[in-house]
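Right, one structure below, let's go through it.
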Amino acid sequence: MFKFVATTLFAASLAVAYVTPAVAEEPIVIKFSHVVTDDTPKGKGARLFQKLVQERLAGKVKIEVYPNSTLYGDADELDALQRNEVQMLAPSVSKFDQYTKQLEIFDMPFLFDDLEAVKRFEKRDKSRELLGSMAGQGIYGLAFWNNGMKQFSANRELRKPADAHGLAFRIQASTLLEDQFKQIGASALKLPFSQSFKALQSGQVQGTENTWSNLYSQKLNTVQPYITESNHGVLVYMLITNSKFWNSLPFGVRTQLEQISDEVTQFVNKEAEAINNKDRDNILGSGTSKLVTLTPSERQAWREAMQPLVKKYEPEIGADVIRAAQLVNR
Ligand code: LMR
């Protein structure tokens with residue numbers, strides 16, 4: 001009997017020894033899906049993430065990048081992350097409206113004077129706390145990645161708020177952004193990013209707002225004859241993962257991925273402005289769109305038209321968060 005048990009155990013341990021290395025050799029696959037092209041701030045960040053993981057964690061972790069809504073788009077990527085079918089996303093915070101209202105802080109028009117102010121806010125404790133604002137939904141925030149300041153575009157010249165009256169604008173899925181356009185007598189349609197071009201081309205909407213890099217990389221300038229350099233709001237992403245998946249990673253791997261995330265965040269936030277400046281030049285050079293430059297008093301009129309949103313959204317966002325954001329302007 002003893003011999004039988006010993007032999008069986010020996011055979012079993014051989015089988016384990018045979019099987020285990022093969023299993024251990026399979027790298028952990030992290031699917032990173034996003035909706036923009038490779039040559040935008042987020043697109044470059046995703047590729048750098050992939051490269052650094054390949055250099056430092058080869059054989060242990062593999063990042064697969066799916067750009068430009070090729071795997072998931074705005075409509076289904078967050079559900080897919082919660083089901084762990086994709087492990088990394090970097091949606092614009094405007095798309096988290098259904099999970100938390102606090103992140104609407106970044107959608108508030110004219111709140112941040114420029115991208116430098118946004119960066120200062122992102123270093124504050126209040127903003128670090130926002131990374132955990134969707135923990136209850138199994139979404140873990142690793143970092144904020146910036147794209148840039150948003151511009152208005154339309155099929156007619158927008159110089160004063162009244163010029164937008166009666167137009168429909170494509171927006172991200174954010175109630176605050178919808179209200180932003182209502183404030184100026186326009187309407188807004190929440191559409192996935194991948195549908196922006198078609199919606200503008202077909203005339204379903206007549207205007208939009210986005211950063212220079214998003215306007216250029218989706219060729220939106222080719223269907224928008226006027227771009228107003230309003231810098232009225234900011235486009236910020238949150239690099240997120242599925243909490244359960246993240247916590248299941250071996251400690252050493254997780255620590256290295258967090259280190260890589262920090263390095264990539266610094267890269268994206270340093271490069272974003274340069275990429276947007278280059279795409280601004282690309283658009284102006286292409287001659288597709290007339291640039292509308294606002295005088296300080298014209299810009300002030302837009303700011304005033306949208307000012308009531310601060311009071312309206314204070315209960316949802318929190319007066320403390322709004323105050324922290326207002327303090328970063330110089
Ligand atoms: C948009 O939908 O306009 C942006 O959030 C797209 C993106 O990810 O930059």
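Letters for chains follow the order of the structure tokens (A, B, ...), residue numbers begin at 1 for each chain, and ligand numbers begin at 1 in the order shown.
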
Sorted per-residue table, stretch 93-117 of chain A near stretch 238-260 of chain A, closest atoms and distance, 12 Å, only C-alpha atoms, as JSON lines:
{"residue": "A:Val93", "atom": "CA", "partner": "A:Met238", "partner_atom": "CA", "distance": 6.1}
{"residue": "A:Ser94", "atom": "CA", "partner": "A:Met238", "partner_atom": "CA", "distance": 9.8}
{"residue": "A:Lys95", "atom": "CA", "partner": "A:Met238", "partner_atom": "CA", "distance": 9.9}
{"residue": "A:Phe96", "atom": "CA", "partner": "A:Met238", "partner_atom": "CA", "distance": 9.5}
{"residue": "A:Leu103", "atom": "CA", "partner": "A:Met238", "partner_atom": "CA", "distance": 9.8}
{"residue": "A:Phe106", "atom": "CA", "partner": "A:Met238", "partner_atom": "CA", "distance": 11.1}

Requested write-out: C-alpha atoms of the selected residues, as a short mmCIF file (atom, residue, chain, number, x, y, z; two decimals), in the first residue's frame:
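Saved result, out-v1.cif, follows:
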data_model
loop_
_atom_site.label_atom_id
_atom_site.label_comp_id
_atom_site.auth_asym_id
_atom_site.auth_seq_id
_atom_site.Cartn_x
_atom_site.Cartn_y
_atom_site.Cartn_z
CA VAL A 93 -12.59 61.22 -17.78
CA SER A 94 -15.75 62.62 -19.42
CA LYS A 95 -16.71 59.02 -20.15
CA PHE A 96 -16.89 58.07 -16.47
CA LEU A 103 -14.41 63.62 -12.39
CA PHE A 106 -12.03 68.23 -15.70
#

Could you list, as an NGL selection string, all residues that come within 7 Å of ligand 1? Count only C-alpha atoms and all ligand atoms. :A and (34-36 or 91-92 or 171-172 or 192-193 or 210 or 214 or 235)

Keeping only C-alpha atoms, write those residues as a short mmCIF file (atom, residue, chain, number, x, y, z; two decimals), in the first residue's frame.
data_model
loop_
_atom_site.label_atom_id
_atom_site.label_comp_id
_atom_site.auth_asym_id
_atom_site.auth_seq_id
_atom_site.Cartn_x
_atom_site.Cartn_y
_atom_site.Cartn_z
CA HIS A 34 -8.11 52.84 -26.92
CA VAL A 35 -9.96 54.98 -29.44
CA VAL A 36 -7.31 57.31 -30.88
CA PRO A 91 -10.70 56.86 -21.57
CA SER A 92 -11.21 60.55 -21.27
CA ILE A 171 -19.78 65.69 -27.53
CA GLN A 172 -18.36 62.97 -25.31
CA PRO A 192 -18.67 57.68 -29.66
CA PHE A 193 -15.43 59.26 -30.83
CA ASN A 210 -11.65 68.60 -29.29
CA ASN A 214 -7.80 64.65 -32.09
CA LEU A 235 -9.11 66.68 -22.35
#

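A straight line drawn from atom CA of A:Asp179 to atom CA of A:Ala164 is 13.5 Å long.
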
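For the atom pair formed by atom CA of A:Phe152 and atom CA of A:Glu229, the distance is 6.9 Å, given to one decimal.
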
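Taking atom CA of A:Pro296 and atom CA of A:Leu158 as the two end points, the separation is 14.7 Å.
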
Write out as a list in words the residues lying within 6 Å of A:Tyr226, counting only C-alpha atoms and excluding same-chain residues fewer than 4 positions away. Ser153, Ala154, Arg156, Glu157, Ser289 and Lys290 of chain A

Put those residues in a file: N, CA, C and O atoms, as a PDB file, in the first residue's frame.
ATOM      1  N   SER A 153     -15.021  73.759 -32.961  1.00  0.00           N
ATOM      2  CA  SER A 153     -15.009  73.828 -34.427  1.00  0.00           C
ATOM      3  C   SER A 153     -16.457  73.774 -34.904  1.00  0.00           C
ATOM      4  O   SER A 153     -17.330  73.266 -34.198  1.00  0.00           O
ATOM      5  N   ALA A 154     -16.689  74.320 -36.097  1.00  0.00           N
ATOM      6  CA  ALA A 154     -18.069  74.357 -36.606  1.00  0.00           C
ATOM      7  C   ALA A 154     -18.071  74.630 -38.097  1.00  0.00           C
ATOM      8  O   ALA A 154     -17.019  74.879 -38.710  1.00  0.00           O
ATOM      9  N   ARG A 156     -19.593  77.128 -39.206  1.00  0.00           N
ATOM     10  CA  ARG A 156     -19.579  78.581 -39.369  1.00  0.00           C
ATOM     11  C   ARG A 156     -18.678  79.201 -38.296  1.00  0.00           C
ATOM     12  O   ARG A 156     -18.310  78.520 -37.331  1.00  0.00           O
ATOM     13  N   GLU A 157     -18.367  80.446 -38.487  1.00  0.00           N
ATOM     14  CA  GLU A 157     -17.408  81.110 -37.605  1.00  0.00           C
ATOM     15  C   GLU A 157     -18.018  81.322 -36.218  1.00  0.00           C
ATOM     16  O   GLU A 157     -19.082  81.928 -36.088  1.00  0.00           O
ATOM     17  N   SER A 289      -9.226  74.725 -42.803  1.00  0.00           N
ATOM     18  CA  SER A 289     -10.084  75.435 -41.849  1.00  0.00           C
ATOM     19  C   SER A 289      -9.537  76.815 -41.549  1.00  0.00           C
ATOM     20  O   SER A 289      -8.319  76.996 -41.426  1.00  0.00           O
ATOM     21  N   LYS A 290     -10.453  77.742 -41.380  1.00  0.00           N
ATOM     22  CA  LYS A 290     -10.036  79.093 -41.002  1.00  0.00           C
ATOM     23  C   LYS A 290      -9.876  79.139 -39.482  1.00  0.00           C
ATOM     24  O   LYS A 290     -10.748  78.661 -38.745  1.00  0.00           O
TER      25      LYS A 290
END

Among stretch 13-212 of chain A, which residues does DSSP mark as alpha helix (DSSP H) when it is run on the backbone? Keep the chain and numbering as in the structure and answer as a ChimeraX atom specification. /A:13-25,41-56,77-82,115-122,125-130,175-182,196-202,212

For stretch 149-151 of chain A: contacts at 12 Å, only C-alpha atoms, fewer than 5 positions along chain excluded, given as a ChimeraX atom specification: /A:106-118,158,171,177,207-216,221,224,226-236,272-273,275-277,280,291-294,299

Would you mind exporting the chosen residues as a short mmCIF file (atom, residue, chain, number, x, y, z; two decimals), in the first residue's frame, restricted to N, CA and C atoms?
data_model
loop_
_atom_site.label_atom_id
_atom_site.label_comp_id
_atom_site.auth_asym_id
_atom_site.auth_seq_id
_atom_site.Cartn_x
_atom_site.Cartn_y
_atom_site.Cartn_z
N PHE A 106 -12.88 67.98 -14.53
CA PHE A 106 -12.03 68.23 -15.70
C PHE A 106 -12.84 68.73 -16.90
N ASP A 107 -14.16 68.53 -16.87
CA ASP A 107 -15.00 68.99 -17.99
C ASP A 107 -15.43 70.45 -17.84
N MET A 108 -15.24 70.98 -16.64
CA MET A 108 -15.73 72.34 -16.38
C MET A 108 -15.01 73.34 -17.29
N PRO A 109 -15.77 74.06 -18.15
CA PRO A 109 -15.08 74.99 -19.06
C PRO A 109 -14.45 76.17 -18.32
N PHE A 110 -13.34 76.63 -18.82
CA PHE A 110 -12.62 77.80 -18.31
C PHE A 110 -12.18 77.67 -16.84
N LEU A 111 -12.10 76.44 -16.36
CA LEU A 111 -11.66 76.28 -14.97
C LEU A 111 -10.13 76.32 -14.87
N PHE A 112 -9.47 75.65 -15.81
CA PHE A 112 -8.00 75.65 -15.82
C PHE A 112 -7.51 76.63 -16.88
N ASP A 113 -6.58 77.49 -16.51
CA ASP A 113 -6.09 78.50 -17.46
C ASP A 113 -5.32 77.86 -18.61
N ASP A 114 -4.57 76.81 -18.31
CA ASP A 114 -3.78 76.14 -19.34
C ASP A 114 -3.38 74.75 -18.86
N LEU A 115 -2.62 74.06 -19.69
CA LEU A 115 -2.24 72.68 -19.37
C LEU A 115 -1.30 72.61 -18.16
N GLU A 116 -0.52 73.66 -17.96
CA GLU A 116 0.37 73.69 -16.79
C GLU A 116 -0.45 73.69 -15.50
N ALA A 117 -1.56 74.42 -15.52
CA ALA A 117 -2.44 74.45 -14.34
C ALA A 117 -3.03 73.06 -14.11
N VAL A 118 -3.41 72.39 -15.20
CA VAL A 118 -3.96 71.04 -15.09
C VAL A 118 -2.92 70.12 -14.44
N LEU A 158 -17.33 80.84 -35.20
CA LEU A 158 -17.79 81.04 -33.82
C LEU A 158 -16.88 82.05 -33.15
N ILE A 171 -20.52 65.64 -28.79
CA ILE A 171 -19.78 65.69 -27.53
C ILE A 171 -19.49 64.28 -27.01
N LEU A 177 -20.85 68.49 -20.24
CA LEU A 177 -20.54 69.01 -21.58
C LEU A 177 -21.83 69.32 -22.35
N GLY A 207 -20.97 70.93 -35.46
CA GLY A 207 -19.76 71.38 -34.77
C GLY A 207 -19.31 70.35 -33.76
N THR A 208 -18.14 70.63 -33.18
CA THR A 208 -17.64 69.74 -32.13
C THR A 208 -16.63 70.51 -31.30
N GLU A 209 -16.06 69.84 -30.32
CA GLU A 209 -14.94 70.41 -29.57
C GLU A 209 -13.94 69.29 -29.38
N ASN A 210 -12.67 69.61 -29.56
CA ASN A 210 -11.65 68.60 -29.29
C ASN A 210 -10.28 69.26 -29.32
N THR A 211 -9.27 68.46 -29.06
CA THR A 211 -7.90 68.99 -29.07
C THR A 211 -7.39 69.00 -30.51
N TRP A 212 -6.32 69.74 -30.73
CA TRP A 212 -5.74 69.79 -32.08
C TRP A 212 -5.37 68.40 -32.56
N SER A 213 -4.81 67.58 -31.67
CA SER A 213 -4.36 66.25 -32.14
C SER A 213 -5.54 65.36 -32.48
N ASN A 214 -6.63 65.46 -31.73
CA ASN A 214 -7.80 64.65 -32.09
C ASN A 214 -8.49 65.15 -33.35
N LEU A 215 -8.51 66.48 -33.52
CA LEU A 215 -9.13 67.03 -34.74
C LEU A 215 -8.34 66.56 -35.96
N TYR A 216 -7.01 66.63 -35.84
CA TYR A 216 -6.18 66.32 -37.01
C TYR A 216 -6.13 64.82 -37.30
N ASN A 221 -10.83 68.24 -39.23
CA ASN A 221 -10.64 69.55 -39.84
C ASN A 221 -11.12 69.57 -41.29
N GLN A 224 -14.67 70.56 -41.09
CA GLN A 224 -14.98 71.69 -40.21
C GLN A 224 -14.24 72.93 -40.73
N TYR A 226 -14.27 75.98 -39.85
CA TYR A 226 -13.84 77.00 -38.88
C TYR A 226 -13.41 76.35 -37.56
N ILE A 227 -12.28 76.78 -37.06
CA ILE A 227 -11.85 76.32 -35.74
C ILE A 227 -11.55 77.55 -34.89
N THR A 228 -12.24 77.62 -33.76
CA THR A 228 -12.02 78.75 -32.85
C THR A 228 -11.01 78.33 -31.79
N GLU A 229 -9.91 79.08 -31.72
CA GLU A 229 -8.88 78.72 -30.73
C GLU A 229 -9.33 79.22 -29.36
N SER A 230 -10.19 78.43 -28.75
CA SER A 230 -10.83 78.86 -27.50
C SER A 230 -10.10 78.37 -26.26
N ASN A 231 -9.38 77.26 -26.36
CA ASN A 231 -8.73 76.66 -25.18
C ASN A 231 -9.67 76.68 -23.98
N HIS A 232 -10.92 76.36 -24.21
CA HIS A 232 -11.94 76.56 -23.17
C HIS A 232 -12.00 75.43 -22.15
N GLY A 233 -11.47 74.30 -22.50
CA GLY A 233 -11.55 73.16 -21.58
C GLY A 233 -10.38 72.23 -21.82
N VAL A 234 -10.35 71.16 -21.05
CA VAL A 234 -9.19 70.27 -21.15
C VAL A 234 -9.66 68.84 -21.42
N LEU A 235 -8.82 68.10 -22.12
CA LEU A 235 -9.11 66.68 -22.35
C LEU A 235 -8.08 65.86 -21.57
N VAL A 236 -8.59 65.21 -20.53
CA VAL A 236 -7.72 64.43 -19.63
C VAL A 236 -8.18 62.98 -19.65
N ALA A 272 2.54 65.93 -24.68
CA ALA A 272 1.21 66.24 -25.19
C ALA A 272 1.14 67.63 -25.84
N GLU A 273 1.75 68.58 -25.18
CA GLU A 273 1.65 69.94 -25.70
C GLU A 273 2.35 70.05 -27.06
N ILE A 275 2.83 67.67 -29.26
CA ILE A 275 2.05 66.97 -30.29
C ILE A 275 0.88 67.85 -30.75
N ASN A 276 0.22 68.49 -29.80
CA ASN A 276 -0.90 69.35 -30.17
C ASN A 276 -0.45 70.58 -30.96
N ASN A 277 0.71 71.13 -30.58
CA ASN A 277 1.23 72.27 -31.35
C ASN A 277 1.54 71.88 -32.79
N ARG A 280 -1.66 71.44 -34.64
CA ARG A 280 -2.25 72.76 -34.94
C ARG A 280 -1.60 73.28 -36.23
N LEU A 291 -8.76 79.70 -39.04
CA LEU A 291 -8.53 79.82 -37.60
C LEU A 291 -9.21 81.08 -37.08
N VAL A 292 -10.05 80.93 -36.07
CA VAL A 292 -10.70 82.09 -35.46
C VAL A 292 -9.98 82.37 -34.14
N THR A 293 -9.31 83.52 -34.08
CA THR A 293 -8.57 83.88 -32.87
C THR A 293 -9.39 84.88 -32.08
N LEU A 294 -9.58 84.59 -30.81
CA LEU A 294 -10.44 85.45 -29.99
C LEU A 294 -9.62 86.54 -29.30
N ARG A 299 -13.08 86.23 -25.61
CA ARG A 299 -12.94 84.98 -24.84
C ARG A 299 -13.66 85.12 -23.49
#

Spatial neighbours of stretch 62-74 of chain A, max dist 8 Å, only C-alpha atoms, sep filter under 6 positions, as an mmCIF file with N, CA and C atoms, in the first residue's frame:
data_model
loop_
_atom_site.group_PDB
_atom_site.id
_atom_site.type_symbol
_atom_site.label_atom_id
_atom_site.label_comp_id
_atom_site.auth_asym_id
_atom_site.auth_seq_id
_atom_site.Cartn_x
_atom_site.Cartn_y
_atom_site.Cartn_z
ATOM 1 N N PRO A 27 3.273 34.237 -20.775
ATOM 2 C CA PRO A 27 3.228 35.587 -20.200
ATOM 3 C C PRO A 27 1.792 36.022 -19.887
ATOM 4 N N ILE A 28 1.673 36.899 -18.930
ATOM 5 C CA ILE A 28 0.363 37.489 -18.631
ATOM 6 C C ILE A 28 0.086 38.486 -19.753
ATOM 7 N N VAL A 29 -1.053 38.341 -20.391
ATOM 8 C CA VAL A 29 -1.377 39.249 -21.503
ATOM 9 C C VAL A 29 -2.248 40.396 -20.989
ATOM 10 N N ILE A 30 -1.815 41.610 -21.271
ATOM 11 C CA ILE A 30 -2.630 42.788 -20.923
ATOM 12 C C ILE A 30 -3.078 43.426 -22.228
ATOM 13 N N LYS A 31 -4.365 43.372 -22.461
ATOM 14 C CA LYS A 31 -4.899 44.035 -23.664
ATOM 15 C C LYS A 31 -5.141 45.499 -23.316
ATOM 16 N N PHE A 32 -4.566 46.379 -24.111
ATOM 17 C CA PHE A 32 -4.700 47.825 -23.892
ATOM 18 C C PHE A 32 -5.442 48.372 -25.117
ATOM 19 N N SER A 33 -6.681 48.750 -24.899
ATOM 20 C CA SER A 33 -7.509 49.217 -26.012
ATOM 21 C C SER A 33 -7.757 50.722 -25.870
ATOM 22 N N HIS A 34 -7.747 51.416 -26.987
ATOM 23 C CA HIS A 34 -8.107 52.838 -26.918
ATOM 24 C C HIS A 34 -8.703 53.298 -28.250
ATOM 25 N N VAL A 35 -9.147 54.547 -28.291
ATOM 26 C CA VAL A 35 -9.958 54.980 -29.435
ATOM 27 C C VAL A 35 -9.260 55.980 -30.360
ATOM 28 N N VAL A 36 -8.008 56.316 -30.046
ATOM 29 C CA VAL A 36 -7.314 57.310 -30.879
ATOM 30 C C VAL A 36 -6.208 56.642 -31.701
ATOM 31 N N THR A 37 -5.564 57.407 -32.565
ATOM 32 C CA THR A 37 -4.516 56.819 -33.412
ATOM 33 C C THR A 37 -3.193 56.753 -32.630
ATOM 34 N N ASP A 38 -2.243 56.022 -33.214
ATOM 35 C CA ASP A 38 -0.945 55.826 -32.560
ATOM 36 C C ASP A 38 -0.146 57.122 -32.379
ATOM 37 N N GLY A 43 -2.022 57.569 -27.803
ATOM 38 C CA GLY A 43 -1.527 56.502 -28.675
ATOM 39 C C GLY A 43 -0.036 56.260 -28.450
ATOM 40 N N ALA A 46 0.534 54.556 -25.031
ATOM 41 C CA ALA A 46 0.240 53.114 -25.045
ATOM 42 C C ALA A 46 1.394 52.338 -25.675
ATOM 43 N N ARG A 47 1.948 52.867 -26.766
ATOM 44 C CA ARG A 47 3.067 52.186 -27.434
ATOM 45 C C ARG A 47 4.325 52.190 -26.559
ATOM 46 N N PHE A 49 4.347 52.228 -23.297
ATOM 47 C CA PHE A 49 4.041 51.255 -22.241
ATOM 48 C C PHE A 49 4.402 49.853 -22.743
ATOM 49 N N GLN A 50 3.950 49.562 -23.944
ATOM 50 C CA GLN A 50 4.208 48.244 -24.541
ATOM 51 C C GLN A 50 5.713 47.992 -24.679
ATOM 52 N N VAL A 53 7.473 47.451 -21.239
ATOM 53 C CA VAL A 53 7.132 46.137 -20.693
ATOM 54 C C VAL A 53 7.922 45.061 -21.453
ATOM 55 N N GLN A 54 8.020 45.212 -22.743
ATOM 56 C CA GLN A 54 8.790 44.250 -23.548
ATOM 57 C C GLN A 54 10.259 44.239 -23.113
ATOM 58 N N ALA A 80 -16.334 46.020 -21.066
ATOM 59 C CA ALA A 80 -15.340 44.973 -21.347
ATOM 60 C C ALA A 80 -14.264 44.946 -20.264
ATOM 61 N N PRO A 91 -9.626 56.003 -21.051
ATOM 62 C CA PRO A 91 -10.702 56.864 -21.566
ATOM 63 C C PRO A 91 -10.569 58.281 -21.030
ATOM 64 N N LYS A 95 -15.962 60.259 -19.886
ATOM 65 C CA LYS A 95 -16.712 59.024 -20.153
ATOM 66 C C LYS A 95 -17.021 58.231 -18.892
ATOM 67 N N PRO A 192 -20.012 58.249 -29.791
ATOM 68 C CA PRO A 192 -18.667 57.683 -29.657
ATOM 69 C C PRO A 192 -17.689 58.454 -30.545
ATOM 70 N N PHE A 193 -16.459 58.517 -30.090
ATOM 71 C CA PHE A 193 -15.430 59.261 -30.827
ATOM 72 C C PHE A 193 -15.328 58.784 -32.271
ATOM 73 N N SER A 194 -15.413 57.466 -32.452
ATOM 74 C CA SER A 194 -15.233 56.899 -33.795
ATOM 75 C C SER A 194 -16.320 57.373 -34.776
#

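Using only C-alpha atoms for every distance, the candidate list A:Leu167, A:Leu78, A:Ala325, A:Ala90 yields A:Leu78 as the residue closest to A:Gln137.
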
Mind checking DSSP for stretch 75-303 of chain A and telling me the strand (DSSP E or B) residues as a VMD selection string? chain A and resid 88 to 89 92 139 to 154 168 to 171 187 to 190 207 to 210 226 to 242 290 to 292
